[in-house]
Amino acid sequence: RAACGHRAGIVAILGTGSNSCQFDGEKIVKRIYSGGFILGDEGSAATLGKLFIADLLKGLVPKYIADDFASRYQYDYAAIVENVYHSTTSPSAFLGGLAPFILEYYNDAYIRTLVDDNFRAFIRRSLKQYDVDRYPVGVVGGFGNALKSIFSEIATQEGITLSRFISSPIEELIKYQCFMHKLGSTGKDSLYDYLYYLERLDRHDNKREILSILVFVAFIVLACFQAGMGVACILIWSLFQLKRYFKVKNSYEPYLTSLAYIMRMVDVGREVSE
């Protein structure tokens with residue numbers, strides 16, 4: 001809901017881990033399993049950390065970056081293995097926590113390739129299994145939002161259309177619920193029913209109303225010359241109109257409800273666009 005609202009679309013979740021799904025406007029209709037940081041999680045902060053650490057252990061990281069890492073973190077081989085394989089806390093959080101350091105060196109060709117290929121793997125292995133040629137992709141998560149300029153460039157190269165970036169989905173869900181609360185319910189009829197009523201209103205025959213008004217004017221004139229008879233006729237006319245009102249009340253109510261609902265839709269739509 002945070003990324004798509006009521007519209008169909010594809011959602012990419014890029015945080016410490018990664019995930020994705022396709023939404024039809026009402027429910028999730030397709031999902032590619034992420035596999036976690038060991039089997040998948042391409043595009044995530046944890047996978048970026050894993051790729052960096054794997055290269056670091058094999059001496060593939062440029063020396064000046066490896067030296068800076070060693071001076072700042074002081075992780076030897078045993079400490080890295082402990083944090084990844086035997087830690088009682090989250091190994092993915094440990095790996096994802098290395099992302100800020102890695103991104104400090106994004107201008108280095110090695111790091112740039114590492115970061116870009118991580119995102120590219122997510123797009124090719126996950127996103128392209130959805131209908132990306134029909135629907136845009138909304139990106140949710142702090143990692144994706146922080147690197148939106150990088151991800152956007154790679155997505156464009158891969159032919160992916162992006163709709164929006166959301167750092168915290170809960171904030172967007174709160175906005176969505178507030179808008180829906182303000183919009184309110186359509187009542188006992190659907191919006192399509194109300195639009196149908198409005199269409200009928202355009203073809204409504206007003207001959208009865210005009211005739212009724214003319215009769216009322218005639219009774220007023222009669223009251224000017226014969227007060228008793230004129231007042232009696234006006235009372236009879238009023239009772240007839242009251243009876244007629246209750247008889248047709250249900251047929252007029254949808255017109256008023258539909259107009260009020262459509263006006264709320266316009267107001268809420270204006271707020272959403274702003």
# chains A, B, ... in the order shown; residues from 1 in each chain; ligands from 1

$ residues_around --residues "segment 43-49 of chain A" --least-positions-apart "6" --cutoff "10 Å" --atoms "only C-alpha atoms" --output "VMD selection string"
chain A and resid 12 to 19 36 to 37 55 91 to 103 111 114 to 123 126 141 to 144 151

$ residues_around --residues "Asp131 of chain A" --least-positions-apart "5" --cutoff "10 Å" --atoms "only C-alpha atoms" --output "JSON, numbers by chain"
{"A": [9, 10, 22, 30, 136, 137]}

$ atom_distance --atom1 "atom CA of Leu235 of chain A" --atom2 "atom CA of Ala218 of chain A"
13.3 Å

$ select_by_dssp --residues "segment 7-229 of chain A" --states "strand (DSSP E)" --output "PyMOL selection string"
chain A and resi 9-14+18-23+28-30+137-140+162-166
